[in-house]
file query_25.txt (compact mmCIF, C-alpha atoms)
# COMPACT_ATOMS: atom_id res chain seq x y z
CA MET A 22 -38.79 14.06 2.95
CA ASN A 23 -39.69 12.66 6.35
CA LYS A 24 -42.06 10.05 4.92
CA LEU A 25 -40.95 6.64 3.78
CA PRO A 26 -43.93 4.43 2.97
CA ALA A 27 -42.53 2.85 -0.19
CA SER A 28 -39.23 1.78 1.34
CA ASP A 29 -40.31 0.67 4.81
CA SER A 30 -40.45 -2.96 3.73
CA ARG A 31 -36.79 -2.95 2.64
CA PHE A 32 -35.41 -1.93 6.04
CA SER A 33 -35.42 -3.68 9.39
CA TYR A 34 -37.49 -0.91 10.99
CA PRO A 35 -40.24 1.37 9.70
CA PHE A 36 -39.13 4.98 9.35
CA ALA A 37 -41.70 5.97 11.98
CA THR A 38 -39.92 3.70 14.47
CA LEU A 39 -36.64 5.61 13.98
CA GLN A 40 -38.52 8.84 14.56
CA GLN A 41 -40.06 7.49 17.77
CA ILE A 42 -36.67 6.28 19.05
CA ALA A 43 -35.28 9.78 18.46
CA ARG A 44 -38.21 11.32 20.39
CA ASP A 45 -37.72 8.90 23.26
CA ILE A 46 -34.03 9.76 23.46
CA LEU A 47 -34.74 13.49 23.64
CA ALA A 48 -37.39 12.99 26.32
CA GLN A 49 -35.18 10.75 28.47
CA ALA A 50 -32.24 13.11 28.18
CA LYS A 51 -34.36 16.04 29.31
CA GLN A 52 -35.77 14.01 32.20
CA GLY A 53 -32.20 13.06 33.18
CA GLY A 54 -31.11 16.67 33.50
CA ALA A 55 -29.80 17.54 30.03
CA THR A 56 -30.25 21.15 28.98
CA ALA A 57 -29.94 20.12 25.33
CA CYS A 58 -29.71 16.91 23.34
CA GLU A 59 -29.27 15.61 19.81
CA SER A 60 -29.50 12.14 18.37
CA ASN A 61 -28.95 10.27 15.12
CA VAL A 62 -30.70 6.95 14.48
CA SER A 63 -29.96 4.87 11.38
CA ASP A 64 -30.82 1.53 9.81
CA GLY A 65 -29.44 0.05 6.61
CA PHE A 66 -28.29 -2.97 4.65
CA GLY A 67 -25.82 -3.92 1.97
CA GLN A 68 -25.02 -6.75 -0.42
CA THR A 69 -21.67 -7.31 -2.16
CA VAL A 70 -20.88 -10.10 -4.59
CA THR A 71 -17.32 -10.65 -5.85
CA VAL A 72 -16.23 -13.08 -8.55
CA ARG A 73 -12.65 -13.93 -9.45
CA GLN A 74 -11.54 -15.98 -12.43
CA HIS A 75 -15.25 -16.45 -13.21
CA ALA A 76 -15.84 -18.24 -9.87
CA VAL A 77 -17.71 -16.76 -6.91
CA GLU A 78 -15.17 -15.43 -4.42
CA THR A 79 -17.41 -13.88 -1.75
CA ILE A 80 -21.04 -13.11 -1.07
CA GLU A 81 -21.52 -10.62 1.73
CA TYR A 82 -24.77 -9.39 3.19
CA ASN A 83 -25.09 -7.07 6.13
CA ARG A 84 -27.78 -5.31 8.09
CA ASP A 85 -26.60 -2.47 10.30
CA LYS A 86 -28.31 -0.20 12.74
CA GLY A 87 -27.09 2.29 15.29
CA LEU A 88 -27.88 5.34 17.30
CA SER A 89 -25.79 8.04 18.88
CA VAL A 90 -26.77 10.38 21.70
CA THR A 91 -25.09 13.68 22.51
CA VAL A 92 -26.25 15.52 25.61
CA TYR A 93 -25.30 18.90 27.02
CA ILE A 94 -25.53 19.93 30.65
CA GLY A 95 -24.83 23.60 30.28
CA LYS A 96 -21.52 23.67 28.40
CA ASN A 97 -20.55 20.13 29.39
CA ARG A 98 -20.90 17.54 26.64
CA GLY A 99 -21.32 13.77 26.74
CA ASN A 100 -21.75 11.26 23.93
CA ALA A 101 -22.64 7.57 23.80
CA SER A 102 -23.79 5.14 21.12
CA THR A 103 -25.22 1.66 20.69
CA SER A 104 -26.42 -0.75 18.02
CA ASP A 105 -29.12 -2.12 20.33
CA PHE A 106 -32.55 -0.57 19.83
CA SER A 107 -34.22 -2.21 22.84
CA PRO A 108 -35.82 0.22 25.33
CA GLN A 109 -33.36 -0.78 28.06
CA ALA A 110 -30.33 -0.27 25.80
CA ILE A 111 -31.62 3.14 24.74
CA SER A 112 -32.12 4.19 28.36
CA ASP A 113 -28.66 2.92 29.27
CA THR A 114 -27.09 4.82 26.38
CA VAL A 115 -28.78 8.09 27.39
CA ALA A 116 -27.67 7.52 30.98
CA ALA A 117 -24.11 6.89 29.83
CA ALA A 118 -24.04 10.12 27.84
CA LEU A 119 -25.38 12.06 30.84
CA SER A 120 -22.77 10.49 33.12
CA ILE A 121 -19.96 11.44 30.73
CA ALA A 122 -21.24 15.01 30.48
CA ARG A 123 -21.12 15.40 34.25
CA TYR A 124 -17.41 14.57 34.28
CA THR A 125 -16.21 16.53 31.24
CA ALA A 126 -14.81 20.03 31.37
CA GLU A 127 -16.88 23.00 30.28
CA ASP A 128 -16.37 24.16 26.71
CA ASP A 129 -17.84 27.53 25.77
CA CYS A 130 -18.05 26.51 22.12
CA SER A 131 -20.04 23.33 22.64
CA GLY A 132 -23.78 23.08 22.07
CA LEU A 133 -26.40 22.61 19.41
CA ALA A 134 -26.47 24.64 16.22
CA ASP A 135 -28.21 28.01 16.42
CA ALA A 136 -31.97 27.52 16.09
CA GLU A 137 -32.42 30.11 13.34
CA LEU A 138 -30.02 28.18 11.07
CA LEU A 139 -31.87 24.88 11.21
CA ALA A 140 -33.54 23.66 8.02
CA GLN A 141 -37.20 24.54 7.66
CA THR A 142 -37.82 22.94 4.27
CA PHE A 143 -36.76 19.55 2.95
CA PRO A 144 -36.47 19.41 -0.84
CA ASP A 145 -36.63 15.97 -2.41
CA LEU A 146 -33.13 15.48 -3.84
CA ASP A 147 -33.92 12.05 -5.33
CA LEU A 148 -31.28 10.26 -3.27
CA TYR A 149 -32.98 6.90 -2.80
CA HIS A 150 -33.16 4.31 -5.57
CA PRO A 151 -33.59 0.72 -4.38
CA TRP A 152 -31.86 -1.90 -6.51
CA ASP A 153 -33.68 -5.23 -6.52
CA LEU A 154 -30.66 -7.28 -7.52
CA SER A 155 -30.67 -10.94 -6.61
CA VAL A 156 -27.43 -12.70 -5.72
CA GLU A 157 -27.72 -14.78 -8.89
CA GLU A 158 -28.09 -11.67 -11.04
CA ALA A 159 -25.18 -10.00 -9.27
CA ILE A 160 -22.95 -13.01 -9.88
CA GLU A 161 -23.82 -13.06 -13.59
CA ARG A 162 -23.18 -9.34 -14.00
CA ALA A 163 -19.89 -9.50 -12.12
CA GLN A 164 -18.80 -12.42 -14.31
CA ASN A 165 -19.70 -10.44 -17.43
CA CYS A 166 -17.71 -7.46 -16.13
CA GLU A 167 -14.61 -9.56 -15.45
CA GLN A 168 -14.94 -11.40 -18.76
CA ALA A 169 -15.06 -8.08 -20.61
CA ALA A 170 -11.75 -7.18 -18.98
CA PHE A 171 -10.11 -10.50 -19.93
CA ALA A 172 -11.34 -10.11 -23.51
CA VAL A 173 -9.37 -6.88 -23.97
CA ASP A 174 -5.99 -8.58 -24.36
CA GLU A 175 -4.53 -12.05 -23.94
CA ARG A 176 -1.84 -10.57 -21.70
CA ILE A 177 -4.45 -10.14 -19.00
CA THR A 178 -3.79 -13.33 -17.06
CA ASN A 179 -5.24 -12.83 -13.62
CA SER A 180 -7.85 -10.93 -11.68
CA GLU A 181 -8.36 -9.48 -8.25
CA GLY A 182 -12.07 -9.69 -8.86
CA ALA A 183 -15.14 -7.91 -10.14
CA SER A 184 -17.59 -6.74 -7.49
CA ILE A 185 -21.14 -5.46 -7.44
CA SER A 186 -22.39 -3.71 -4.31
CA VAL A 187 -25.87 -2.62 -3.29
CA GLY A 188 -26.26 -0.26 -0.33
CA GLU A 189 -29.35 1.35 1.20
CA THR A 190 -29.83 3.20 4.47
CA GLN A 191 -32.28 5.50 6.24
CA PHE A 192 -31.66 7.88 9.12
CA VAL A 193 -33.31 10.37 11.44
CA TYR A 194 -31.54 13.30 13.11
CA ALA A 195 -33.35 15.15 15.88
CA ASN A 196 -32.47 17.70 18.52
CA SER A 197 -34.12 19.40 21.47
CA LEU A 198 -34.65 22.64 19.53
CA GLY A 199 -37.56 20.90 17.79
CA PHE A 200 -35.73 19.82 14.67
CA MET A 201 -36.34 16.38 13.21
CA GLY A 202 -35.35 15.34 9.72
CA GLY A 203 -34.28 12.29 7.81
CA TYR A 204 -34.64 10.31 4.63
CA PRO A 205 -33.45 7.16 2.84
CA LEU A 206 -30.28 6.98 0.77
CA SER A 207 -28.84 4.51 -1.71
CA ARG A 208 -25.33 3.98 -3.03
CA HIS A 209 -24.53 1.24 -5.54
CA SER A 210 -21.26 0.39 -7.29
CA VAL A 211 -19.50 -1.90 -9.76
CA SER A 212 -15.73 -2.42 -9.85
CA CYS A 213 -13.14 -4.57 -11.63
CA ILE A 214 -9.42 -5.13 -11.02
CA VAL A 215 -7.24 -7.22 -13.33
CA ILE A 216 -3.57 -8.11 -13.77
CA ALA A 217 -1.57 -8.26 -17.00
CA GLU A 218 1.83 -9.81 -17.71
CA GLN A 219 4.44 -9.29 -20.41
CA GLY A 220 7.85 -10.84 -19.89
CA ASP A 221 9.06 -9.74 -16.50
CA SER A 222 6.55 -6.91 -16.34
CA LYS A 223 3.39 -7.39 -14.31
CA GLN A 224 0.82 -4.62 -13.86
CA ARG A 225 -2.59 -4.14 -12.29
CA ASP A 226 -5.22 -1.48 -12.72
CA TYR A 227 -8.93 -1.05 -12.16
CA TRP A 228 -12.06 0.87 -12.97
CA TYR A 229 -15.26 1.41 -11.02
CA SER A 230 -18.49 3.33 -11.15
CA VAL A 231 -20.76 4.43 -8.31
CA ALA A 232 -24.18 6.11 -8.24
CA ARG A 233 -27.32 6.60 -6.19
CA ASP A 234 -29.34 5.03 -9.01
CA ALA A 235 -28.09 1.76 -10.53
CA THR A 236 -29.25 2.95 -13.96
CA ASP A 237 -26.66 5.74 -13.75
CA ILE A 238 -23.75 3.32 -13.26
CA GLU A 239 -21.57 2.81 -16.32
CA GLN A 240 -22.40 -0.26 -18.39
CA ILE A 241 -21.05 -3.45 -16.84
CA GLU A 242 -19.00 -4.47 -19.88
CA GLN A 243 -17.61 -0.97 -20.26
CA ILE A 244 -16.27 -1.02 -16.71
CA GLY A 245 -14.49 -4.29 -17.42
CA GLN A 246 -13.14 -3.03 -20.74
CA LYS A 247 -11.73 0.11 -19.13
CA ALA A 248 -10.10 -1.93 -16.36
CA GLY A 249 -8.52 -4.20 -18.94
CA ALA A 250 -7.35 -1.44 -21.26
CA ARG A 251 -5.84 0.57 -18.43
CA THR A 252 -3.97 -2.47 -17.13
CA VAL A 253 -2.48 -3.44 -20.50
CA ALA A 254 -1.45 0.16 -21.18
CA ARG A 255 0.84 0.04 -18.14
CA LEU A 256 2.89 -2.93 -19.35
CA GLY A 257 6.54 -2.18 -20.04
CA ALA A 258 6.62 0.80 -17.69
CA LYS A 259 9.97 2.60 -17.38
CA LYS A 260 11.64 4.96 -14.97
CA ILE A 261 12.44 8.47 -16.14
CA ALA A 262 15.20 10.89 -15.24
CA THR A 263 14.63 13.53 -12.58
CA CYS A 264 13.15 16.64 -14.19
CA GLU A 265 10.83 19.60 -13.74
CA VAL A 266 7.89 19.50 -16.14
CA PRO A 267 4.13 20.07 -16.37
CA VAL A 268 2.03 17.39 -14.68
CA LEU A 269 -1.46 16.35 -15.72
CA PHE A 270 -3.52 14.70 -12.97
CA GLU A 271 -6.07 12.35 -14.53
CA ALA A 272 -9.67 13.08 -13.50
CA PRO A 273 -10.14 10.15 -11.08
CA ILE A 274 -7.24 11.36 -8.92
CA ALA A 275 -7.47 15.11 -9.60
CA SER A 276 -10.26 15.39 -7.03
CA GLY A 277 -7.61 14.58 -4.41
CA LEU A 278 -6.11 18.03 -4.95
CA MET A 279 -9.49 19.53 -4.08
CA GLY A 280 -9.53 17.31 -1.00
CA HIS A 281 -6.27 18.83 0.22
CA PHE A 282 -7.72 22.33 -0.25
CA ALA A 283 -10.98 21.45 1.49
CA SER A 284 -9.11 19.97 4.45
CA ALA A 285 -6.91 23.06 4.74
CA VAL A 286 -9.90 25.45 4.91
CA SER A 287 -12.01 23.25 7.20
CA GLY A 288 -12.79 24.36 10.72
CA GLY A 289 -10.78 21.75 12.61
CA SER A 290 -7.57 22.54 10.76
CA LEU A 291 -8.10 26.28 11.08
CA TYR A 292 -8.87 26.57 14.78
CA ARG A 293 -6.05 24.14 15.62
CA LYS A 294 -3.75 26.26 13.43
CA SER A 295 -2.63 23.15 11.57
CA SER A 296 -3.29 24.41 8.05
CA PHE A 297 -1.06 25.84 5.34
CA LEU A 298 -3.99 28.09 4.38
CA MET A 299 -4.45 29.94 7.67
CA ASP A 300 -6.20 33.31 7.23
CA SER A 301 -6.74 32.62 3.54
CA MET A 302 -10.19 34.22 3.35
CA GLY A 303 -10.03 36.87 0.63
CA GLN A 304 -6.62 35.70 -0.51
CA GLN A 305 -5.53 34.56 -3.97
CA VAL A 306 -4.94 30.82 -3.51
CA PHE A 307 -5.73 29.44 -6.98
CA ALA A 308 -4.97 30.55 -10.51
CA PRO A 309 -7.08 33.60 -11.40
CA ASP A 310 -9.64 31.78 -13.56
CA ILE A 311 -10.49 29.04 -11.06
CA GLN A 312 -13.98 28.76 -9.58
CA ILE A 313 -14.88 26.28 -6.83
CA ARG A 314 -18.50 25.83 -5.80
CA GLU A 315 -20.35 23.74 -3.26
CA LEU A 316 -23.63 22.40 -4.67
CA PRO A 317 -25.51 20.48 -1.96
CA HIS A 318 -28.80 20.20 -3.85
CA ILE A 319 -27.75 18.28 -6.97
CA HIS A 320 -30.39 15.64 -7.67
CA LYS A 321 -28.96 12.14 -7.14
CA GLY A 322 -25.71 13.76 -5.95
CA LEU A 323 -23.41 11.45 -4.00
CA ALA A 324 -22.90 14.16 -1.37
CA SER A 325 -26.22 16.01 -1.66
CA SER A 326 -28.20 16.91 1.45
CA ALA A 327 -30.83 19.41 2.53
CA PHE A 328 -29.17 19.78 5.94
CA ASP A 329 -25.91 18.85 7.61
CA ASP A 330 -25.24 16.57 10.59
CA GLU A 331 -26.52 19.28 12.97
CA GLY A 332 -29.72 20.00 11.04
CA VAL A 333 -28.35 23.26 9.58
CA SER A 334 -29.64 24.16 6.13
CA THR A 335 -27.20 23.58 3.30
CA VAL A 336 -26.83 26.29 0.67
CA GLU A 337 -25.09 26.66 -2.65
CA ARG A 338 -21.88 28.63 -2.13
CA ASN A 339 -18.99 30.03 -4.08
CA ILE A 340 -15.96 28.78 -2.16
CA VAL A 341 -13.41 30.23 -4.58
CA GLU A 342 -14.09 33.02 -7.07
CA ASN A 343 -11.46 33.90 -9.65
CA GLY A 344 -8.91 32.06 -7.53
CA ILE A 345 -9.77 33.98 -4.34
CA VAL A 346 -11.08 32.14 -1.27
CA GLN A 347 -14.60 33.24 -0.35
CA GLY A 348 -15.58 30.64 2.25
CA TYR A 349 -14.47 27.98 4.70
CA PHE A 350 -16.09 24.66 5.69
CA LEU A 351 -17.41 24.97 9.24
CA GLY A 352 -19.66 23.19 11.68
CA SER A 353 -21.08 24.98 14.72
CA TYR A 354 -18.23 24.06 17.07
CA SER A 355 -15.39 25.11 14.78
CA ALA A 356 -17.30 28.23 13.76
CA ARG A 357 -17.60 29.32 17.39
CA LYS A 358 -13.91 28.60 17.92
CA LEU A 359 -13.13 30.95 15.05
CA GLY A 360 -15.70 33.59 15.95
CA MET A 361 -17.65 32.83 12.78
CA LYS A 362 -20.95 31.23 11.74
CA THR A 363 -21.43 27.60 10.66
CA THR A 364 -21.51 27.03 6.91
CA GLY A 365 -23.63 23.88 7.13
CA ASN A 366 -20.68 21.52 6.81
CA ALA A 367 -20.92 19.54 10.03
CA GLY A 368 -20.23 16.04 8.80
CA GLY A 369 -18.55 16.95 5.52
CA ILE A 370 -18.61 18.64 2.15
CA HIS A 371 -21.52 18.65 -0.29
CA ASN A 372 -20.58 18.19 -3.96
CA LEU A 373 -17.54 20.39 -4.45
CA THR A 374 -16.90 21.30 -8.09
CA ILE A 375 -13.94 23.03 -9.74
CA THR A 376 -14.12 24.78 -13.12
CA ASN A 377 -12.50 27.50 -15.16
CA ALA A 378 -13.64 29.67 -18.05
CA ALA A 379 -12.88 27.13 -20.78
CA PRO A 380 -12.76 23.46 -19.72
CA MET A 381 -10.81 21.37 -22.23
CA ASP A 382 -11.21 17.82 -23.46
CA PHE A 383 -8.50 15.35 -22.49
CA ASP A 384 -6.68 15.37 -25.85
CA ALA A 385 -6.57 19.17 -25.82
CA MET A 386 -5.01 19.08 -22.35
CA LEU A 387 -2.30 16.72 -23.57
CA LYS A 388 -1.59 19.10 -26.45
CA LYS A 389 -1.43 22.05 -24.08
CA MET A 390 0.99 20.19 -21.80
CA ASP A 391 3.15 19.27 -24.83
CA THR A 392 5.88 17.46 -22.87
CA GLY A 393 5.40 16.23 -19.32
CA LEU A 394 3.88 13.60 -17.09
CA LEU A 395 0.33 12.21 -17.06
CA VAL A 396 -0.33 10.82 -13.57
CA THR A 397 -2.89 8.03 -13.31
CA GLU A 398 -2.05 6.61 -9.88
CA LEU A 399 -0.73 8.07 -6.62
CA MET A 400 0.79 6.19 -3.71
CA GLY A 401 1.67 7.09 -0.15
CA HIS A 402 0.51 9.97 2.01
CA GLY A 403 3.31 12.49 1.69
CA VAL A 404 1.31 15.66 2.26
CA ASN A 405 2.17 18.04 5.10
CA ALA A 406 -1.06 19.78 6.09
CA VAL A 407 0.81 22.49 8.02
CA THR A 408 3.35 23.52 5.37
CA GLY A 409 1.60 22.35 2.20
CA ASP A 410 4.62 20.31 1.12
CA TYR A 411 3.49 17.64 -1.32
CA SER A 412 5.41 14.48 -2.23
CA ARG A 413 3.69 11.35 -3.55
CA GLY A 414 4.76 8.18 -5.26
CA ALA A 415 3.25 8.08 -8.72
CA SER A 416 2.89 6.16 -11.96
CA GLY A 417 1.42 7.13 -15.30
CA PHE A 418 2.63 8.01 -18.78
CA TRP A 419 5.31 10.17 -20.33
CA VAL A 420 3.97 12.64 -22.89
CA GLU A 421 5.89 14.31 -25.73
CA ASN A 422 4.51 16.69 -28.36
CA GLY A 423 1.05 16.20 -26.86
CA GLU A 424 1.10 12.45 -27.41
CA ILE A 425 1.32 9.62 -24.85
CA CYS A 426 4.65 7.86 -25.46
CA TYR A 427 5.12 5.13 -22.83
CA PRO A 428 4.14 4.16 -19.28
CA VAL A 429 6.33 5.20 -16.33
CA GLU A 430 6.57 3.96 -12.75
CA GLU A 431 8.63 4.21 -9.56
CA ILE A 432 8.73 8.00 -9.58
CA THR A 433 7.85 10.71 -7.09
CA ILE A 434 6.11 13.99 -7.85
CA ALA A 435 6.76 16.89 -5.51
CA GLY A 436 5.95 20.53 -4.91
CA ASN A 437 4.04 22.75 -2.50
CA LEU A 438 0.26 22.86 -2.62
CA LYS A 439 0.29 26.66 -2.63
CA ASP A 440 2.34 26.62 -5.84
CA ILE A 441 0.31 23.73 -7.26
CA PHE A 442 -2.99 25.57 -6.77
CA LEU A 443 -1.63 28.79 -8.28
CA GLY A 444 -0.10 26.78 -11.10
CA ILE A 445 -3.31 25.22 -12.43
CA ALA A 446 -3.03 25.79 -16.18
CA ALA A 447 -6.12 23.92 -17.39
CA ILE A 448 -9.09 21.89 -16.20
CA GLY A 449 -10.70 19.11 -18.18
CA ASN A 450 -14.35 18.52 -18.99
CA ASP A 451 -13.84 14.78 -18.35
CA VAL A 452 -15.41 14.82 -14.89
CA VAL A 453 -15.63 11.50 -13.07
CA VAL A 454 -18.14 11.58 -10.20
CA ARG A 455 -17.24 9.20 -7.39
CA GLY A 456 -17.78 11.17 -4.20
CA SER A 457 -18.09 14.60 -2.59
CA LYS A 458 -15.42 16.26 -4.79
CA GLN A 459 -15.87 16.41 -8.54
CA SER A 460 -13.21 17.39 -11.01
CA GLY A 461 -12.02 16.86 -14.53
CA SER A 462 -8.33 16.32 -15.20
CA ILE A 463 -6.12 19.10 -13.82
CA LEU A 464 -2.95 20.37 -15.50
CA ILE A 465 -0.27 21.89 -13.26
CA ASP A 466 2.24 24.13 -15.05
CA ARG A 467 5.31 22.69 -13.31
CA MET A 468 6.28 20.11 -10.69
CA THR A 469 9.43 18.23 -9.76
CA ILE A 470 9.62 14.61 -10.88
CA ALA A 471 12.12 12.49 -8.98
CA GLY A 472 13.22 9.46 -11.02
CA ASP A 473 16.60 7.93 -11.86

call {"tool": "encode", "arguments": {"input": "query_25.txt", "output": "structure tokens"}}
result
Amino acid sequence: MNKLPASDSRFSYPFATLQQIARDILAQAKQGGATACESNVSDGFGQTVTVRQHAVETIEYNRDKGLSVTVYIGKNRGNASTSDFSPQAISDTVAAALSIARYTAEDDCSGLADAELLAQTFPDLDLYHPWDLSVEEAIERAQNCEQAAFAVDERITNSEGASISVGETQFVYANSLGFMGGYPLSRHSVSCIVIAEQGDSKQRDYWYSVARDATDIEQIEQIGQKAGARTVARLGAKKIATCEVPVLFEAPIASGLMGHFASAVSGGSLYRKSSFLMDSMGQQVFAPDIQIRELPHIHKGLASSAFDDEGVSTVERNIVENGIVQGYFLGSYSARKLGMKTTGNAGGIHNLTITNAAPMDFDAMLKKMDTGLLVTELMGHGVNAVTGDYSRGASGFWVENGEICYPVEEITIAGNLKDIFLGIAAIGNDVVVRGSKQSGSILIDRMTIAGD
């Protein structure tokens, strides 16, 4: 996992150079009086091509590099960073971190992760897949994607563009406990956004696909077709009367509900006492058949990793079993604040999945809902992390007798996340993977819809 011969030529620096920079940082920090030190060194590049109305809109190419240094003098912490890899800049950055540490207050919870928790093995999770896509090829594919959207319906009259992005990076994390690890990563995507008109009604919608390996991205034409079909389906949207009905969150936005849960049981929210799920360990938070797992070792996973941002080993965990919370998301600092042990989540979550005993297909979920609201887009940020109160602008489709009847817009859905989690009535098997949280559609038994 620490070797990178095949990909060295694609990056600005050989992988061995990043390793040497990390070693130099640790040595200089120690020489400067640090009792402990950690550093992250990275190098990457990206290419994005966007076409609009069949013409090239933008071609962007970037090469980025950076390093961060965190030093500890006892329990005093200092951090500095730079994008300059010259020896003088590295020395200056270490010196800056040491200077900051000498002026900060002591914090008993600061420091490196515990040595016994650091990763000892580095499984190959298949996270790096270079995409040799020329600008000319990217333009042609983006044009084909947009054209597929326009071909769906003559009412599609405009476009916000089709984009194809290539992204590759490599990094090394090292600390003064002897840990050094790193590897290359890739993340590629295709997206399309179009606009449709019918009389006075004008609507926009989109579709996109993202993957480590370009061969796992949805077919270019299919992405365009989905963007077009979704846009046309929204034409003629109506308002609805205020009511209290079941709400079905479509898969692409259902993962947001998991995001609210993850944030509420993350270390920072818990030790600051700014969470509506304080002291929820061992408590029934979700409906009784809900299981939530963290799976950091999925091959090609968008949030897979053998270790977290502190070098701590990641492990598969049951976060929720039968609706009962079994674990939090902690880094070393927040874990010490709470008198607990890190869970290997410094830097984020690793492939969170939600399931129940019998996942349903989308049509079956509509039938189960019978009459209610299918939500396909959310707007605004009306979520109170302390109380769990939830209020978001929304649009989607009104459903009766298990059938989609017509599009709706300019409504608000509201409730409390505690009730929403307990009220999960079904989970779909239509999982859309776009990030660290993976979910099929989620049916909530009842929410308030504010309309006319």

call {"tool": "closest_residue", "arguments": {"input": "query_25.txt", "among": "A:Asp410, A:Asp310, A:Glu431, A:Asp85", "to": "Ala258 in chain A", "atoms": "all atoms listed in the file"}}
result
A:Glu431

call {"tool": "closest_residue", "arguments": {"input": "query_25.txt", "among": "A:Thr69, A:Ser89, A:Ser460, A:Ser334", "to": "Gly277 in chain A", "atoms": "all atoms listed in the file"}}
result
A:Ser460

call {"tool": "closest_residue", "arguments": {"input": "query_25.txt", "among": "A:Asn83, A:Asn196, A:Asn179, A:Ser186", "to": "Arg44 in chain A", "atoms": "all atoms listed in the file"}}
result
A:Asn196

call {"tool": "atom_distance", "arguments": {"input": "query_25.txt", "atom1": "CA of Leu269 in chain A", "atom2": "CA of Leu395 in chain A"}}
result
4.7 Å

call {"tool": "residues_around", "arguments": {"input": "query_25.txt", "residues": "range 443-449 of chain A", "least_positions_apart": "5", "cutoff": "12 Å", "atoms": "all atoms listed in the file", "output": "ChimeraX atom specification"}}
result
/A:266-273,275-276,278-279,282,304-313,343-345,374-390,436-438,459-468

call {"tool": "residues_around", "arguments": {"input": "query_25.txt", "residues": "Ile94 in chain A", "least_positions_apart": "2", "cutoff": "9 Å", "atoms": "all atoms listed in the file", "output": "list in words"}}
result
Gly54, Ala55, Thr56, Ala57, Cys58, Val92, Lys96, Asn97, Arg98, Gly99, Leu119, Ala122 and Arg123 of chain A

call {"tool": "closest_residue", "arguments": {"input": "query_25.txt", "among": "A:Ala183, A:Gly365, A:Ser325, A:Pro205", "to": "Ile160 in chain A", "atoms": "all atoms listed in the file"}}
result
A:Ala183

call {"tool": "atom_distance", "arguments": {"input": "query_25.txt", "atom1": "CA of Ile434 in chain A", "atom2": "CA of Arg413 in chain A"}}
result
5.6 Å

call {"tool": "atom_distance", "arguments": {"input": "query_25.txt", "atom1": "CA of Lys362 in chain A", "atom2": "CA of Gly348 in chain A"}}
result
10.9 Å

call {"tool": "residues_around", "arguments": {"input": "query_25.txt", "residues": "Gln219 in chain A", "least_positions_apart": "4", "cutoff": "7 Å", "atoms": "all atoms listed in the file", "output": "ChimeraX atom specification"}}
result
/A:176,223,256

call {"tool": "closest_residue", "arguments": {"input": "query_25.txt", "among": "A:His402, A:His371, A:Arg73, A:Arg84", "to": "Ser212 in chain A", "atoms": "only C-alpha atoms"}}
result
A:Arg73
